[in-house]
4 protein chains.
Amino acid sequence: MQVETQEKRAEGAAPKQIRGHLRVEAILGAAGALFAEQGYDAVTMTEIAARSGTAIGSLYRFFPTKEILADALLRRYRDHIETELAALARDAQALSLDAFADAFVDHALAWAPDRAAALVLIEARSVGAGQREQFRDALREGLAQAIARINPRLPAAAAAAKARALQLIFKIAAANAGESAEVLAEMRALARLFLRERVAGEG
Amino acid sequence: MQVETQEKRAEGAAPKQIRGHLRVEAILGAAGALFAEQGYDAVTMTEIAARSGTAIGSLYRFFPTKEILADALLRRYRDHIETELAALARDAQALSLDAFADAFVDHALAWAPDRAAALVLIEARSVGAGQREQFRDALREGLAQAIARINPRLPAAAAAAKARALQLIFKIAAANAGESAEVLAEMRALARLFLRERVAGEG
Amino acid sequence: MQVETQEKRAEGAAPKQIRGHLRVEAILGAAGALFAEQGYDAVTMTEIAARSGTAIGSLYRFFPTKEILADALLRRYRDHIETELAALARDAQALSLDAFADAFVDHALAWAPDRAAALVLIEARSVGAGQREQFRDALREGLAQAIARINPRLPAAAAAAKARALQLIFKIAAANAGESAEVLAEMRALARLFLRERVAGEG
Amino acid sequence: MQVETQEKRAEGAAPKQIRGHLRVEAILGAAGALFAEQGYDAVTMTEIAARSGTAIGSLYRFFPTKEILADALLRRYRDHIETELAALARDAQALSLDAFADAFVDHALAWAPDRAAALVLIEARSVGAGQREQFRDALREGLAQAIARINPRLPAAAAAAKARALQLIFKIAAANAGESAEVLAEMRALARLFLRERVAGEG
DNA sequence: CATGAATGAGTATTCATTCAT
DNA sequence: TATGAATGAATACTCATTCAT
């Protein structure tokens with residue numbers, strides 16, 4: 001809405017659009033980094049404007065509210081994760097269990113830089129609760145599909161509980177991407193264990 | 001530090017000391033509850049004063065800064081967890097592996113109410129970073145001792161990595177104490193799996 | 001509410017109350033003058049604080065909102081006018097028609113300094129509509145009573161219309177208190193004419 | 001001043017010129033309506049631009065300042081009233097006193113819709129004070145001429161004072177055009193009384 | 001020592017105005 | 001010349017902290 005996406009002809013108008021696009025990117029990037037560093041409340045709009053090289057008035061032209069900005073950021077993170085998890089689910093059958101577990105953890109880790117801001121935003125009490133749920137649901141949904149692929153015999157309720165547990169593992173992995181190799185190895189081992197014993201081995 | 005008021009037993013003077021103690025308790029209690037409810041930044045000193053029945057001026061006599069108050073709270077949480085984990089480590093040998101895993105998860109869950117505020121504070125970027133590390137170290141230390149009791153053959157480095165992983169499981173469990181019974185069951189199963197396969201079964 | 005009026009004992013607490021009272025007076029005075037000079041929207045809270053020698057934070061302690069401040073000012077003006085009009089109505093019978101007309105205009109003129117701010121506030125689109133009506137009703141009510149005293153034979157509907165017209169004359173007089181003596185004389189003459197021909201001479 | 005675009009009739013070029021004229025009309029119309037609805041300060045230049053279908057940049061080409069725009073609007077209102085009052089003065093001799101009084105009040109009432117914005121602007125302290133006086137002078141001048149026609153024997157000073165008083169009646173009538181029929185009737189009666197007793201009957 | 005009124009720097013947000021396209 | 005994105009000073013309001021009583 002505030003992001004102007006409909007592409008016009010090409011020549012004269014395009015630069016304006018492109019510039020706007022870049023500006024939005026810069027803002028979201030700066031905001032993401034700052035939120036990850038300091039938490040939602042501690043970051044000021046002025047700070048975001050400065051870090052993204054935007055005038056405060058322009059910042060407000062794109063995002064009329066701090067909360068709207070946070071929402072946009074969260075929505076973008078959600079889109080990312082949705083597409084990535086869909087791909088993961090698609091591959092679930094083709095991969096061995098352990099390979100899937102590794103891919104799963106790799107995914108969580110790879111996404112981690114972005115994820116930091118997403119986690120902060122999801123935890124922030126001040127941010128619209130709706131977003132939070134949608135985000136969690138998106139993640140859970142992707143995981144549930146992957147689990148269904150791995151063990152189709154699992155009843156829905158059990159699959160849901162396992163998806164939820166897997167989600168927690170995902171969350172941990174993402175939140176601790178900076179750990180030492182040994183700890184990350186334990187993380188992977190944990191994912192493998194869980195998938196082998198608690199997902200594939202039941203029903 | 002600035003709150004320590006060692007109780008004397010002189011009848012006349014005592015009440016003042018005792019009252020001071022109670023006051024500090026009330027403040028920390030109110031602050032903990034409020035932080036857990038609203039997050040660190042959203043809570044105002046005035047609110048804490050009101051909820052604890054303290055005059056704002058008195059609140060500042062005990063805790064000259066919002067951050068110092070948060071630190072005190074965190075330190076107290078750390079003390080709690082340290083003594084409890086020490087007890088857990090002490091029992092480690094006496095319990096079966098699975099019993100230990102269950103006790104471990106139970107601990108995390110039981111402590112959850114307090115933990116909420118502690119998590120909020122640890123996550124809050126505005127709060128002194130030092131505390132965070134001390135808190136994590138306290139938890140890690142307790143777990144490392146427990147692991148050492150369970151499998152004394154593990155080299156120190158491996159034990160540390162496993163303690164770290166166990167800590168993450170602890171964190172997950174505590175942060176998700178409100179989950180459904182099924183999910184909590186998965187949590188317990190995960191803890192058992194981890195201890196059995198990754199801790200006891202190695203070295 | 002925000003004005004702290006309940007008198008406590010006398011000694012220790014009194015000064016605090018008195019100071020608070022003075023502060024409120026200073027604020028309302030400054031606000032009234034500024035509103036009269038520049039209009040409601042053009043006046044800033046910072047300006048009011050500066051002119052009344054109050055810190056901005058203190059200003060907000062007493063009046064949490066610009067609108068609440070305007071309301072308080074309006075209420076006070078309303079109280080003034082209510083008591084004064086009540087007195088006028090009480091005297092209506094004892095005075096000759098012309099003497100009453102003169103007293104009426106004198107009232108409007110004498111009150112004029114305060115009135116300027118009141119008029120501005122009543123006209124201001126941004127100020128709570130409720131106040132506006134209450135203010136007008138208070139004035140109208142006082143005038144209706146005076147008219148009833150002057151000519152008890154007038155049916156209620158007619159009396160109301162005349163009260164409304166008288167109110168408009170009052171408004172004009174007050175809003176133009178700075179005019180030349182000749183113009184004010186015309187004003188008085190107009191009031192006399194109206195009362196004699198349109199109020200006393202009917203029914 | 002900066003808005004004058006005299007229309008040429010050269011076919012090809014004309015549209016642009018005409019459009020400029022229409023544009024100015026549209027802007028002033030939108031501004032008048034908005035000012036009347038919301039008051040001077042509350043209306044934004046962007047709003048005026050939008051309501052008049054003008055780009056904000058073009059709006060500023062015609063009226064480099066919000067205040068200049070208000071001035072232009074006021075000047076136009078003044079022109080209206082000047083020509084209308086001139087006509088009224090011209091008719092003064094041909095009409096009976098009462099007929100003149102009625103025509104006078106009718107004028108005030110009929111003009112009311114436009115007047116709303118004019119009143120708002122005149123009252124707005126933020127708008128150039130000069131305009132205000134010019135506006136009042138224009139009105140006063142027209143009334144003085146009418147009075148001179150009605151009663152040529154009146155000395156200039158007295159005529160001026162009466163013109164001023166008549167102006168106040170005009171102002172009231174215009175400002176209260178929405179009143180009930182009864183109140184408007186009182187208004188007319190007041191005008192008749194004033195003209196008969198205070199204008200025609202003196203000197 | 002306790003109290004709570006007073007302080008003012010800091011925050012999100014608006015809007016008149018400018019200027020590159 | 002027309003356009004509307006960009007600018008930043010200004011505004012209402014909050015809250016950690018101080019200090020007179």
# chains A, B, ... in the order shown; residues from 1 in each chain; ligands from 1
>>> calpha_fit_and_write(fixed="chain D", moving="chain A", output="mmCIF file with C-alpha atoms, in the first residue's frame")
data_model
loop_
_atom_site.group_PDB
_atom_site.id
_atom_site.type_symbol
_atom_site.label_atom_id
_atom_site.label_comp_id
_atom_site.auth_asym_id
_atom_site.auth_seq_id
_atom_site.Cartn_x
_atom_site.Cartn_y
_atom_site.Cartn_z
ATOM 1 C CA MET A 1 -0.741 37.586 -9.799
ATOM 2 C CA GLN A 2 -0.604 33.907 -9.277
ATOM 3 C CA VAL A 3 -3.920 33.640 -10.960
ATOM 4 C CA GLU A 4 -3.189 34.377 -14.615
ATOM 5 C CA THR A 5 -6.106 36.436 -15.777
ATOM 6 C CA GLN A 6 -5.056 38.241 -18.933
ATOM 7 C CA GLU A 7 -7.068 36.636 -21.729
ATOM 8 C CA LYS A 8 -5.027 35.645 -24.750
ATOM 9 C CA ARG A 9 -6.266 35.249 -28.317
ATOM 10 C CA ALA A 10 -8.927 32.642 -27.882
ATOM 11 C CA GLU A 11 -8.174 29.336 -29.547
ATOM 12 C CA GLY A 12 -5.027 27.521 -28.560
ATOM 13 C CA ALA A 13 -4.181 29.403 -25.424
ATOM 14 C CA ALA A 14 -7.644 29.801 -24.047
ATOM 15 C CA PRO A 15 -8.164 26.265 -22.772
ATOM 16 C CA LYS A 16 -5.018 26.548 -20.723
ATOM 17 C CA GLN A 17 -6.274 29.764 -19.226
ATOM 18 C CA ILE A 18 -9.727 28.369 -18.664
ATOM 19 C CA ARG A 19 -8.333 25.311 -16.997
ATOM 20 C CA GLY A 20 -6.176 27.436 -14.765
ATOM 21 C CA HIS A 21 -9.170 29.518 -13.900
ATOM 22 C CA LEU A 22 -11.229 26.506 -13.017
ATOM 23 C CA ARG A 23 -8.416 25.147 -10.944
ATOM 24 C CA VAL A 24 -8.178 28.354 -8.970
ATOM 25 C CA GLU A 25 -11.907 28.309 -8.485
ATOM 26 C CA ALA A 26 -11.807 24.739 -7.275
ATOM 27 C CA ILE A 27 -9.009 25.524 -4.854
ATOM 28 C CA LEU A 28 -10.686 28.584 -3.420
ATOM 29 C CA GLY A 29 -13.945 26.723 -3.130
ATOM 30 C CA ALA A 30 -12.402 23.806 -1.318
ATOM 31 C CA ALA A 31 -10.372 26.072 0.915
ATOM 32 C CA GLY A 32 -13.419 28.147 1.798
ATOM 33 C CA ALA A 33 -15.439 25.107 2.708
ATOM 34 C CA LEU A 34 -12.647 23.570 4.759
ATOM 35 C CA PHE A 35 -11.832 26.781 6.595
ATOM 36 C CA ALA A 36 -15.489 27.180 7.437
ATOM 37 C CA GLU A 37 -15.654 23.626 8.725
ATOM 38 C CA GLN A 38 -12.470 23.363 10.700
ATOM 39 C CA GLY A 39 -10.957 26.779 11.166
ATOM 40 C CA TYR A 40 -7.834 28.209 9.589
ATOM 41 C CA ASP A 41 -5.091 26.435 11.510
ATOM 42 C CA ALA A 42 -6.715 23.036 11.485
ATOM 43 C CA VAL A 43 -6.896 22.883 7.710
ATOM 44 C CA THR A 44 -3.833 21.528 5.950
ATOM 45 C CA MET A 45 -2.657 22.463 2.505
ATOM 46 C CA THR A 46 -2.652 18.789 1.635
ATOM 47 C CA GLU A 47 -6.306 18.616 2.574
ATOM 48 C CA ILE A 48 -7.159 21.584 0.399
ATOM 49 C CA ALA A 49 -5.259 20.045 -2.480
ATOM 50 C CA ALA A 50 -7.053 16.732 -2.080
ATOM 51 C CA ARG A 51 -10.512 18.244 -1.767
ATOM 52 C CA SER A 52 -9.996 20.380 -4.846
ATOM 53 C CA GLY A 53 -8.497 17.548 -6.857
ATOM 54 C CA THR A 54 -5.234 19.414 -7.216
ATOM 55 C CA ALA A 55 -1.723 18.097 -6.796
ATOM 56 C CA ILE A 56 0.027 19.698 -3.877
ATOM 57 C CA GLY A 57 2.657 21.136 -6.168
ATOM 58 C CA SER A 58 0.030 22.750 -8.347
ATOM 59 C CA LEU A 59 -1.686 24.215 -5.359
ATOM 60 C CA TYR A 60 1.562 25.896 -4.431
ATOM 61 C CA ARG A 61 2.014 27.146 -7.979
ATOM 62 C CA PHE A 62 -1.146 29.193 -7.592
ATOM 63 C CA PHE A 63 -0.842 30.072 -3.932
ATOM 64 C CA PRO A 64 2.741 29.996 -2.711
ATOM 65 C CA THR A 65 1.679 30.170 0.912
ATOM 66 C CA LYS A 66 -1.210 29.190 3.083
ATOM 67 C CA GLU A 67 -1.527 32.789 4.143
ATOM 68 C CA ILE A 68 -1.578 34.026 0.566
ATOM 69 C CA LEU A 69 -4.367 31.593 -0.125
ATOM 70 C CA ALA A 70 -6.316 32.892 2.849
ATOM 71 C CA ASP A 71 -5.705 36.441 1.686
ATOM 72 C CA ALA A 72 -7.005 35.683 -1.794
ATOM 73 C CA LEU A 73 -10.098 34.135 -0.310
ATOM 74 C CA LEU A 74 -10.658 37.110 1.922
ATOM 75 C CA ARG A 75 -10.113 39.556 -0.901
ATOM 76 C CA ARG A 76 -12.691 37.803 -2.976
ATOM 77 C CA TYR A 77 -15.193 37.891 -0.134
ATOM 78 C CA ARG A 78 -14.478 41.554 0.298
ATOM 79 C CA ASP A 79 -15.132 42.233 -3.362
ATOM 80 C CA HIS A 80 -18.435 40.460 -3.101
ATOM 81 C CA ILE A 81 -19.581 42.394 -0.126
ATOM 82 C CA GLU A 82 -18.398 45.696 -1.505
ATOM 83 C CA THR A 83 -20.431 45.447 -4.660
ATOM 84 C CA GLU A 84 -23.473 44.163 -2.828
ATOM 85 C CA LEU A 85 -23.394 46.842 -0.220
ATOM 86 C CA ALA A 86 -22.927 49.487 -2.882
ATOM 87 C CA ALA A 87 -26.124 48.242 -4.503
ATOM 88 C CA LEU A 88 -27.869 48.295 -1.155
ATOM 89 C CA ALA A 89 -26.793 51.862 -0.507
ATOM 90 C CA ARG A 90 -27.990 52.848 -3.955
ATOM 91 C CA ASP A 91 -31.427 51.457 -3.164
ATOM 92 C CA ALA A 92 -31.599 52.960 0.289
ATOM 93 C CA GLN A 93 -33.599 56.020 -0.764
ATOM 94 C CA ALA A 94 -36.039 54.162 -2.941
ATOM 95 C CA LEU A 95 -37.009 51.732 -0.223
ATOM 96 C CA SER A 96 -39.114 52.279 2.844
ATOM 97 C CA LEU A 97 -37.225 52.016 6.107
ATOM 98 C CA ASP A 98 -38.582 48.597 6.895
ATOM 99 C CA ALA A 99 -38.011 47.348 3.389
ATOM 100 C CA PHE A 100 -34.439 48.520 3.660
ATOM 101 C CA ALA A 101 -34.001 46.754 6.978
ATOM 102 C CA ASP A 102 -35.338 43.561 5.489
ATOM 103 C CA ALA A 103 -33.121 43.861 2.448
ATOM 104 C CA PHE A 104 -30.228 44.435 4.740
ATOM 105 C CA VAL A 105 -30.842 41.319 6.762
ATOM 106 C CA ASP A 106 -31.605 39.315 3.656
ATOM 107 C CA HIS A 107 -28.275 40.357 2.313
ATOM 108 C CA ALA A 108 -26.461 39.208 5.377
ATOM 109 C CA LEU A 109 -28.301 35.923 5.361
ATOM 110 C CA ALA A 110 -27.955 35.285 1.650
ATOM 111 C CA TRP A 111 -24.273 35.821 1.788
ATOM 112 C CA ALA A 112 -23.911 33.604 4.797
ATOM 113 C CA PRO A 113 -22.503 30.447 3.194
ATOM 114 C CA ASP A 114 -19.468 32.280 1.922
ATOM 115 C CA ARG A 115 -19.410 34.396 4.992
ATOM 116 C CA ALA A 116 -18.677 31.465 7.247
ATOM 117 C CA ALA A 117 -15.204 31.072 5.851
ATOM 118 C CA ALA A 118 -14.690 34.819 5.829
ATOM 119 C CA LEU A 119 -15.559 35.032 9.505
ATOM 120 C CA VAL A 120 -13.185 32.221 10.361
ATOM 121 C CA LEU A 121 -10.405 33.865 8.408
ATOM 122 C CA ILE A 122 -10.985 37.281 9.893
ATOM 123 C CA GLU A 123 -10.921 35.858 13.380
ATOM 124 C CA ALA A 124 -7.828 33.714 12.734
ATOM 125 C CA ARG A 125 -4.881 35.173 14.581
ATOM 126 C CA SER A 126 -2.448 33.790 12.065
ATOM 127 C CA VAL A 127 -3.835 35.598 9.052
ATOM 128 C CA GLY A 128 -2.391 38.898 7.913
ATOM 129 C CA ALA A 129 -3.916 41.627 10.010
ATOM 130 C CA GLY A 130 -4.051 44.053 7.113
ATOM 131 C CA GLN A 131 -6.719 42.046 5.314
ATOM 132 C CA ARG A 132 -8.846 41.992 8.402
ATOM 133 C CA GLU A 133 -8.975 45.752 8.653
ATOM 134 C CA GLN A 134 -9.626 46.217 4.984
ATOM 135 C CA PHE A 135 -12.469 43.803 5.184
ATOM 136 C CA ARG A 136 -14.050 45.513 8.134
ATOM 137 C CA ASP A 137 -13.541 48.908 6.585
ATOM 138 C CA ALA A 138 -15.201 47.842 3.372
ATOM 139 C CA LEU A 139 -18.255 46.670 5.267
ATOM 140 C CA ARG A 140 -18.354 49.731 7.462
ATOM 141 C CA GLU A 141 -17.987 52.071 4.525
ATOM 142 C CA GLY A 142 -20.903 50.503 2.702
ATOM 143 C CA LEU A 143 -23.079 50.754 5.780
ATOM 144 C CA ALA A 144 -22.084 54.338 6.468
ATOM 145 C CA GLN A 145 -23.210 55.325 2.983
ATOM 146 C CA ALA A 146 -26.504 53.565 3.448
ATOM 147 C CA ILE A 147 -27.053 55.345 6.740
ATOM 148 C CA ALA A 148 -26.183 58.679 5.177
ATOM 149 C CA ARG A 149 -28.839 58.057 2.582
ATOM 150 C CA ILE A 150 -31.424 57.186 5.198
ATOM 151 C CA ASN A 151 -30.779 60.110 7.485
ATOM 152 C CA PRO A 152 -28.635 62.818 5.934
ATOM 153 C CA ARG A 153 -28.992 65.031 8.994
ATOM 154 C CA LEU A 154 -26.871 62.753 11.194
ATOM 155 C CA PRO A 155 -23.456 64.215 12.018
ATOM 156 C CA ALA A 156 -20.570 62.176 10.691
ATOM 157 C CA ALA A 157 -19.431 60.881 14.088
ATOM 158 C CA ALA A 158 -22.873 59.632 15.012
ATOM 159 C CA ALA A 159 -23.306 58.079 11.604
ATOM 160 C CA ALA A 160 -20.023 56.236 12.018
ATOM 161 C CA ALA A 161 -21.029 54.825 15.405
ATOM 162 C CA LYS A 162 -24.345 53.692 13.990
ATOM 163 C CA ALA A 163 -22.651 52.131 10.997
ATOM 164 C CA ARG A 164 -20.467 50.226 13.404
ATOM 165 C CA ALA A 165 -23.460 49.016 15.381
ATOM 166 C CA LEU A 166 -25.248 48.052 12.178
ATOM 167 C CA GLN A 167 -22.164 46.151 11.197
ATOM 168 C CA LEU A 168 -22.379 44.147 14.385
ATOM 169 C CA ILE A 169 -25.994 43.310 13.634
ATOM 170 C CA PHE A 170 -24.957 42.299 10.131
ATOM 171 C CA LYS A 171 -22.257 40.103 11.573
ATOM 172 C CA ILE A 172 -24.634 38.419 13.948
ATOM 173 C CA ALA A 173 -27.205 37.815 11.274
ATOM 174 C CA ALA A 174 -24.639 36.332 8.932
ATOM 175 C CA ALA A 175 -23.130 34.182 11.664
ATOM 176 C CA ASN A 176 -26.500 32.779 12.616
ATOM 177 C CA ALA A 177 -28.127 32.196 9.297
ATOM 178 C CA GLY A 178 -28.878 28.654 10.303
ATOM 179 C CA GLU A 179 -31.196 29.627 13.127
ATOM 180 C CA SER A 180 -34.907 28.885 13.252
ATOM 181 C CA ALA A 181 -37.419 31.058 11.456
ATOM 182 C CA GLU A 182 -38.512 32.568 14.744
ATOM 183 C CA VAL A 183 -35.036 33.677 15.640
ATOM 184 C CA LEU A 184 -34.462 35.086 12.182
ATOM 185 C CA ALA A 185 -37.717 36.975 12.552
ATOM 186 C CA GLU A 186 -36.372 38.494 15.762
ATOM 187 C CA MET A 187 -33.229 39.399 13.854
ATOM 188 C CA ARG A 188 -35.244 41.267 11.268
ATOM 189 C CA ALA A 189 -37.284 42.949 13.932
ATOM 190 C CA LEU A 190 -34.085 44.033 15.620
ATOM 191 C CA ALA A 191 -32.795 45.556 12.413
ATOM 192 C CA ARG A 192 -36.050 47.400 11.856
ATOM 193 C CA LEU A 193 -36.073 48.670 15.400
ATOM 194 C CA PHE A 194 -32.566 49.869 15.165
ATOM 195 C CA LEU A 195 -33.031 51.689 11.883
ATOM 196 C CA ARG A 196 -36.291 53.280 12.910
ATOM 197 C CA GLU A 197 -35.400 54.401 16.412
ATOM 198 C CA ARG A 198 -31.667 54.869 16.326
ATOM 199 C CA VAL A 199 -30.992 55.952 12.772
ATOM 200 C CA ALA A 200 -33.981 57.614 11.171
ATOM 201 C CA GLY A 201 -35.314 59.059 14.399
ATOM 202 C CA GLU A 202 -32.266 61.091 15.381
ATOM 203 C CA GLY A 203 -30.445 64.244 14.460
#
>>> interface_residues(of="chain E", to="chain B", cutoff="12 Å", atoms="only C-alpha atoms (C1' of nucleotides)", output="VMD selection string")
chain E and resid 1 to 5
>>> interface_residues(of="chain F", to="chain C", cutoff="12 Å", atoms="only C-alpha atoms (C1' of nucleotides)", output="PyMOL selection string")
chain F and resi 10-15+20-21
>>> atom_distance(atom1="atom C1' of F:DC19", atom2="atom C1' of E:DG10")
21.6 Å
>>> select_by_dssp(residues="stretch 17-157 of chain D", states="alpha helix (DSSP H)", output="JSON, numbers by chain")
{"D": [17, 18, 19, 20, 21, 22, 23, 24, 25, 26, 27, 28, 29, 30, 31, 32, 33, 34, 35, 36, 37, 38, 45, 46, 47, 48, 49, 50, 51, 56, 57, 58, 59, 60, 61, 62, 66, 67, 68, 69, 70, 71, 72, 73, 74, 75, 76, 77, 78, 79, 80, 81, 82, 83, 84, 85, 86, 87, 88, 89, 90, 91, 97, 98, 99, 100, 101, 102, 103, 104, 105, 106, 107, 108, 109, 110, 112, 113, 114, 115, 116, 117, 118, 119, 120, 121, 122, 123, 129, 130, 131, 132, 133, 134, 135, 136, 137, 138, 139, 140, 141, 142, 143, 144, 145, 146, 147, 148, 149, 150, 156, 157]}
>>> atom_distance(atom1="atom C1' of F:DA9", atom2="atom C1' of E:DT17")
11.2 Å
